[in-house]
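J.: Pasting in a structure now, in structure tokens, and then I'll have a few things to ask.
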Amino acid sequence: MAEKRRPRIVILGGGFAGAYVAKHLADRNLSFDAEVIVIDRNNYFVFYPLLVEAGTGALEPRHCTVPIREFSRKSELLMGEIKGLDTKANKVRLQLCGDDRDRELEYDHLVVALGSVTRIFPEDVCSGVQEHAFEVKHMSDAIALRDRAVELLELANACDDPEERKRLLHFIVVGGNVTGIEVVGELEVFVRGATSMYANIKPSDCQFTVIELAPKILSILPDNLIRWATKTMTGRGIELRTGESVKEVHADHVITSNDERISCSTVIWTAGIAPNPVLKEFTDLPLNSHAGVDCEPTYQVKGYDNVWALGDCAGVPGPSGKPMPPLAQIAIRQAKQLAHNIAAAHRGEALTPGDVSVLGILVPLGHHKGVMEFKGIKVEGFMAWAMWRAIYLSKMPGFGRKIRVLLDWIINFFFRRDYVQLGMNPAASREFTSSKK
Ligand SMILES: Cc1cc2nc3c(=O)[nH]c(=O)nc-3n(C[C@H](O)[C@H](O)[C@H](O)COP(=O)(O)OP(=O)(O)OC[C@H]3O[C@@H](n4cnc5c(N)ncnc54)[C@H](O)[C@@H]3O)c2cc1C
């Protein structure tokens with residue numbers, strides 16, 4: 001009698017969502033013997049909560065990544081670009097990295113975990129973003145931002161015109177939610193911290209501005225924490241312009257929604273995310289109004305028994321009926337439930353609806369301060385910052401990675417941040433999407 005083939009589960013995307021699904025599928029308690037294949041264009045995933053630190057010299061960029069092979073040892077990794085999907089034939093089309101031939105891979109179950117990209121507004125709403133702004137989404141963005149700040153410090157130091165020096169050292173962050181505020185807080189520490197090395201630059205030559213459309217920054221947090229963060233940031237000379245947006249980005253200035261021209265050298269775009277645009281090419285999959293994969297509460301893609309989705313690219317209704325938010329803490333816990341549901345579906349058992357909600361929001365503000373709401377507890381100042389570091393260090397997968405991150409932090413505590421350029425082309429490896437597309 002022919003031996004029964006193990007079911008093959010193909011996971012598109014090895015980020016927080018995909019890599020954790022692969023890991024949970026291999027969990028012994030699941031008693032599920034499957035062949036698991038992860039496809040990702042990288043052989044690592046970015047540990048996003050530490051990406052801003054990597055971009056502002058507090059951490060070595062490589063230390064905020066997790067190698068997929070090491071993380072989910074029992075699954076196979078195919079490093080390549082996902083090109084297409086045929087759900088009728090249960091096949092994925094891909095190109096391995098360094099090879100331009102199309103290949104096909106059959107699956108029994110497919111997990112879509114392709115994450116998100118930076119949300120860029122259409123040109124008629126805000127022009128020039130793709131050409132001139134920096135994003136904070138990939139490891140190369142973190143390196144490019146750090147390189148850019150170092151280059152501008154060198155240029156400003158050699159500049160005789162005080163007005164031009166101020167323009168060179170003016171950084172504008174568009175979007176004042178969690179990522180934008182973390183970026184501006186850490187960048188201020190990085191850039192002003194360097195000024196003592198430069199004879200011609202004073203800390204007051206460096207300017208930092210946040211432009212946020214909502215009436216307040218960090219609108220995800222309770223009012224008392226917002227007030228505390230606002231006072232702390234403005235006390236450090238960071239300008240917070242709320243209730244405003246940007247309608248044009250140029251190489252040396254921006255134009256705000258109030259038609260004001262603000263001179264600057266660098267615009268960092270953190271005004272939201274959008275599901276991976278490659279999903280629109282997979283015409284078999286139903287998309288919701290935000291262009292995310294439309295799912296049942298069980299993580300099954302609507303209309304399919306063997307296609308599943310989770311993480312930033314999926315609209316999975318949570319206990320409240322609203323889609324679960326795009327956060328790593330959500331993706332990680334969704335992954336466990338989804339793995340259990342695949343095993344249950346394979347055995348013909350009932351599926352469990354997802355019931356993951358946000359545990360807390362932690363925002364580091366720089367200078368060893370932060371704000372945090374965790375399971376209803378509100379904390380500000382040094383304690384919030386220390387909790388942020390402790391929680392993310394404990395969440396960083398792998399003992400070796402934890403030690404690397406911890407050593408970086410200890411070194412940083414005693415020494416100046418590292419102002420060495422890594423030589424990345426700032427224009428390289430950007431992946432913007434337009435909400436118009
Ligand atoms: C700067 C920043 C800070 C953040 N901080 C926090 C935080 O503190 N706490 C928190 O909970 N969340 C945080 N988040 C959000 C969190 O990172 C995301 O919610 C989480 O990464 C979602 O996981 P995912 O697997 O859906 O997407 P991702 O982790 O982005 O994974 C998607 C994967 O798909 C791969 N991929 C995409 N397209 C293709 C293709 N065509 N072919 C091959 N591979 C492809 C990518 O390489 C990637 O590895 C932060 C995000 C950012 C950008």
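Labels for the structure tokens follow display order: chains A, B, ..., residues from 1 in each chain, ligands from 1.
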Do you know which residues are at most 9 Å from A:Arg333 counting only C-alpha atoms, after dropping those on the same chain fewer than 6 positions away, and could you put them as an MDAnalysis selection string?

T.: chainID A and resid 17 20 356

J.: Report as JSON lines the residues of chain A within 6 Å of ligand 1, each with its shortest atom pair and distance in Å (one decimal), using only C-alpha atoms and all ligand atoms, ordered by chain and increasing residue number.

T.:
```
{"residue": "A:Gly13", "atom": "CA", "partner": "ligand 1", "partner_atom_place_in_ligand_line": "34 (O)", "distance": 3.5}
{"residue": "A:Gly14", "atom": "CA", "partner": "ligand 1", "partner_atom_place_in_ligand_line": "49 (O)", "distance": 4.7}
{"residue": "A:Gly15", "atom": "CA", "partner": "ligand 1", "partner_atom_place_in_ligand_line": "31 (O)", "distance": 3.2}
{"residue": "A:Phe16", "atom": "CA", "partner": "ligand 1", "partner_atom_place_in_ligand_line": "25 (O)", "distance": 3.9}
{"residue": "A:Ala17", "atom": "CA", "partner": "ligand 1", "partner_atom_place_in_ligand_line": "25 (O)", "distance": 3.6}
{"residue": "A:Gly18", "atom": "CA", "partner": "ligand 1", "partner_atom_place_in_ligand_line": "25 (O)", "distance": 5.5}
{"residue": "A:Asp40", "atom": "CA", "partner": "ligand 1", "partner_atom_place_in_ligand_line": "44 (N)", "distance": 3.6}
{"residue": "A:Arg41", "atom": "CA", "partner": "ligand 1", "partner_atom_place_in_ligand_line": "43 (C)", "distance": 4.0}
{"residue": "A:Asn42", "atom": "CA", "partner": "ligand 1", "partner_atom_place_in_ligand_line": "47 (O)", "distance": 5.4}
{"residue": "A:Phe45", "atom": "CA", "partner": "ligand 1", "partner_atom_place_in_ligand_line": "49 (O)", "distance": 4.8}
{"residue": "A:Tyr48", "atom": "CA", "partner": "ligand 1", "partner_atom_place_in_ligand_line": "3 (C)", "distance": 4.5}
{"residue": "A:Pro49", "atom": "CA", "partner": "ligand 1", "partner_atom_place_in_ligand_line": "5 (N)", "distance": 3.7}
{"residue": "A:Leu51", "atom": "CA", "partner": "ligand 1", "partner_atom_place_in_ligand_line": "1 (C)", "distance": 5.5}
{"residue": "A:Val52", "atom": "CA", "partner": "ligand 1", "partner_atom_place_in_ligand_line": "1 (C)", "distance": 5.9}
{"residue": "A:Gly80", "atom": "CA", "partner": "ligand 1", "partner_atom_place_in_ligand_line": "43 (C)", "distance": 5.7}
{"residue": "A:Glu81", "atom": "CA", "partner": "ligand 1", "partner_atom_place_in_ligand_line": "42 (N)", "distance": 3.7}
{"residue": "A:Ile82", "atom": "CA", "partner": "ligand 1", "partner_atom_place_in_ligand_line": "42 (N)", "distance": 4.0}
{"residue": "A:Ala113", "atom": "CA", "partner": "ligand 1", "partner_atom_place_in_ligand_line": "26 (O)", "distance": 5.3}
{"residue": "A:Leu114", "atom": "CA", "partner": "ligand 1", "partner_atom_place_in_ligand_line": "34 (O)", "distance": 3.9}
{"residue": "A:Gly115", "atom": "CA", "partner": "ligand 1", "partner_atom_place_in_ligand_line": "27 (O)", "distance": 3.3}
{"residue": "A:Ser116", "atom": "CA", "partner": "ligand 1", "partner_atom_place_in_ligand_line": "30 (O)", "distance": 5.6}
{"residue": "A:Val136", "atom": "CA", "partner": "ligand 1", "partner_atom_place_in_ligand_line": "1 (C)", "distance": 5.4}
{"residue": "A:Lys137", "atom": "CA", "partner": "ligand 1", "partner_atom_place_in_ligand_line": "53 (C)", "distance": 4.6}
{"residue": "A:Thr179", "atom": "CA", "partner": "ligand 1", "partner_atom_place_in_ligand_line": "1 (C)", "distance": 5.5}
{"residue": "A:Gly311", "atom": "CA", "partner": "ligand 1", "partner_atom_place_in_ligand_line": "26 (O)", "distance": 3.4}
{"residue": "A:Asp312", "atom": "CA", "partner": "ligand 1", "partner_atom_place_in_ligand_line": "26 (O)", "distance": 3.9}
{"residue": "A:Cys313", "atom": "CA", "partner": "ligand 1", "partner_atom_place_in_ligand_line": "26 (O)", "distance": 5.8}
{"residue": "A:Pro326", "atom": "CA", "partner": "ligand 1", "partner_atom_place_in_ligand_line": "19 (O)", "distance": 4.3}
{"residue": "A:Leu327", "atom": "CA", "partner": "ligand 1", "partner_atom_place_in_ligand_line": "19 (O)", "distance": 3.1}
{"residue": "A:Ala328", "atom": "CA", "partner": "ligand 1", "partner_atom_place_in_ligand_line": "11 (O)", "distance": 3.6}
{"residue": "A:Gln329", "atom": "CA", "partner": "ligand 1", "partner_atom_place_in_ligand_line": "11 (O)", "distance": 4.0}
{"residue": "A:Ala331", "atom": "CA", "partner": "ligand 1", "partner_atom_place_in_ligand_line": "23 (O)", "distance": 5.6}
```

J.: Check which residues of stretch 29-55 of chain A sit at most 12 Å from stretch 95-110 of chain A using only C-alpha atoms, and return one row each with the closest pair of atoms and their distance in Å to one decimal, ordered by chain and rising number, as a Markdown table.

T.:
```
| residue | atom | partner | partner_atom | distance |
| --- | --- | --- | --- | --- |
| A:Ala34 | CA | A:Asp108 | CA | 9.9 |
| A:Glu35 | CA | A:Tyr107 | CA | 9.7 |
| A:Val36 | CA | A:Tyr107 | CA | 9.6 |
| A:Ile37 | CA | A:Tyr107 | CA | 9.3 |
| A:Val38 | CA | A:Leu110 | CA | 10.2 |
| A:Ile39 | CA | A:Leu96 | CA | 9.1 |
| A:Asp40 | CA | A:Leu96 | CA | 9.4 |
| A:Arg41 | CA | A:Cys97 | CA | 7.1 |
| A:Asn42 | CA | A:Cys97 | CA | 8.8 |
| A:Asn43 | CA | A:Cys97 | CA | 10.4 |
```

J.: Those selected residues, please, written with C-alpha atoms and delivered as an mmCIF file, in the first residue's frame.

T.:
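Resulting contents of part-v2.cif:
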```
data_model
loop_
_atom_site.group_PDB
_atom_site.id
_atom_site.type_symbol
_atom_site.label_atom_id
_atom_site.label_comp_id
_atom_site.auth_asym_id
_atom_site.auth_seq_id
_atom_site.Cartn_x
_atom_site.Cartn_y
_atom_site.Cartn_z
ATOM 1 C CA ALA A 34 3.116 18.335 7.876
ATOM 2 C CA GLU A 35 5.707 19.543 5.408
ATOM 3 C CA VAL A 36 5.958 23.308 6.021
ATOM 4 C CA ILE A 37 7.562 25.615 3.434
ATOM 5 C CA VAL A 38 8.050 29.335 4.031
ATOM 6 C CA ILE A 39 8.665 31.633 1.026
ATOM 7 C CA ASP A 40 10.231 35.033 1.700
ATOM 8 C CA ARG A 41 12.428 37.404 -0.304
ATOM 9 C CA ASN A 42 14.769 37.621 2.698
ATOM 10 C CA ASN A 43 16.275 34.885 4.855
#
```

J.: Might you pull out every residue within 8 Å of stretch 272-279 of chain A, with only C-alpha atoms counted and same-chain residues fewer than 3 positions away left off, and present them as a tab-separated table (two decimals) with N, CA and C atoms, in the first residue's frame?

T.:
```tsv
chain	number	residue	atom	x	y	z
A	114	LEU	N	1.80	38.27	3.95
A	114	LEU	CA	2.73	39.11	3.18
A	114	LEU	C	2.91	40.51	3.74
A	115	GLY	N	2.32	40.78	4.90
A	115	GLY	CA	2.61	42.04	5.60
A	115	GLY	C	2.09	43.28	4.89
A	116	SER	N	2.74	44.40	5.17
A	116	SER	CA	2.25	45.69	4.69
A	116	SER	C	3.39	46.50	4.10
A	117	VAL	N	3.04	47.63	3.52
A	117	VAL	CA	4.04	48.60	3.03
A	117	VAL	C	3.64	49.97	3.58
A	118	THR	N	4.56	50.94	3.46
A	118	THR	CA	4.25	52.30	3.90
A	118	THR	C	3.13	52.87	3.03
A	119	ARG	N	2.16	53.52	3.67
A	119	ARG	CA	1.05	54.10	2.90
A	119	ARG	C	1.46	55.47	2.36
A	175	GLY	N	3.50	62.32	10.34
A	175	GLY	CA	2.78	61.25	11.05
A	175	GLY	C	3.23	61.22	12.50
A	282	PHE	N	-2.97	38.97	-7.03
A	282	PHE	CA	-3.52	37.62	-6.79
A	282	PHE	C	-5.03	37.74	-6.92
A	283	THR	N	-5.51	37.82	-8.16
A	283	THR	CA	-6.92	38.19	-8.37
A	283	THR	C	-7.90	37.16	-7.81
A	285	LEU	N	-7.97	36.15	-4.78
A	285	LEU	CA	-8.27	36.39	-3.36
A	285	LEU	C	-9.23	37.57	-3.18
A	290	HIS	N	-9.95	48.03	2.58
A	290	HIS	CA	-8.58	48.54	2.82
A	290	HIS	C	-7.54	47.77	1.99
A	291	ALA	N	-7.99	46.94	1.05
A	291	ALA	CA	-7.12	46.13	0.19
A	291	ALA	C	-6.39	45.03	0.96
A	292	GLY	N	-6.92	44.65	2.12
A	292	GLY	CA	-6.39	43.49	2.86
A	292	GLY	C	-7.20	42.25	2.50
A	293	VAL	N	-6.65	41.05	2.71
A	293	VAL	CA	-7.36	39.81	2.36
A	293	VAL	C	-8.57	39.66	3.29
A	312	ASP	N	-0.54	41.78	9.06
A	312	ASP	CA	-0.86	43.10	8.50
A	312	ASP	C	-1.62	43.05	7.17
A	313	CYS	N	-1.48	41.94	6.43
A	313	CYS	CA	-2.10	41.90	5.10
A	313	CYS	C	-3.53	41.39	5.14
A	314	ALA	N	-4.03	41.02	6.34
A	314	ALA	CA	-5.33	40.35	6.40
A	314	ALA	C	-6.34	41.16	7.21
A	433	THR	N	4.04	52.40	-1.60
A	433	THR	CA	2.81	52.10	-2.33
A	433	THR	C	1.97	53.36	-2.37
A	435	SER	N	-1.92	54.79	-2.32
A	435	SER	CA	-3.27	54.32	-2.06
A	435	SER	C	-4.14	54.44	-3.31
```

J.: Would you mind reading off the distance between atom CA of A:His250 and atom CA of A:Cys159, one decimal, in Å?

T.: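 Atom-to-atom, atom CA of A:His250 and atom CA of A:Cys159 are spaced 21.0 Å apart.
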
J.: Please return, as JSON, numbers by chain, all residues of stretch 85-322 of chain A that DSSP assigns to helix (DSSP H, G or I) on the basis of the backbone.

T.: {"A": [129, 130, 131, 132, 139, 140, 141, 142, 143, 144, 145, 146, 147, 148, 149, 150, 151, 152, 153, 154, 155, 156, 157, 162, 163, 164, 165, 166, 167, 168, 178, 179, 180, 181, 182, 183, 184, 185, 186, 187, 188, 189, 190, 191, 192, 193, 194, 195, 196, 197, 203, 204, 205, 223, 224, 225, 226, 227, 228, 229, 230, 231, 232, 233, 234, 235, 277, 278, 279, 280, 281, 311, 312, 313]}

J.: Got a sec: who's within 8 Å of A:Val46, counting only C-alpha atoms, leaving out chain neighbours fewer than 6 positions off, as number ranges by chain?

T.: A: 15, 64-66, 138-139

J.: Rank A:Arg227, A:Lys166, A:Arg416, A:Lys302 by their smallest atom-to-atom distance to A:Val371, using only C-alpha atoms, and report the top residue only.

T.: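 Checking each of A:Arg227, A:Lys166, A:Arg416, A:Lys302 against A:Val371, counting only C-alpha atoms, the winner is A:Arg227.
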
J.: Once DSSP has gone over the backbone, tell me which residues of stretch 37-176 of chain A are in strand (DSSP E), as JSON, numbers by chain.

T.: {"A": [37, 38, 39, 40, 44, 45, 46, 65, 66, 67, 76, 77, 78, 79, 80, 81, 82, 83, 84, 85, 86, 91, 92, 93, 94, 95, 96, 103, 104, 105, 106, 109, 110, 111, 112, 116, 117, 118, 119, 120, 133, 134, 135, 170, 171, 172, 173, 174]}

J.: Pick the closest to A:Ser320 from A:Asp355, A:Glu188, A:Pro67, A:Gly348: which is it, counting only C-alpha atoms?

T.: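 The shortest atom-to-atom distance to A:Ser320 comes from A:Asp355.
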
J.: Give me the residues within 6 Å of A:Ile68 as a list of chain:residue names, counting only C-alpha atoms and dropping any in the same chain fewer than 2 places off.

T.: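 Listing them by chain and then by number gives A:Asn43, A:Tyr44, A:Glu70, A:Phe71.
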
J.: If you count only C-alpha atoms, which residues fall within 10 Å of A:Trp228, apart from same-chain ones fewer than 2 positions away, as a PyMOL selection string?

T.: chain A and resi 223-226+230-233+370-371+380-381
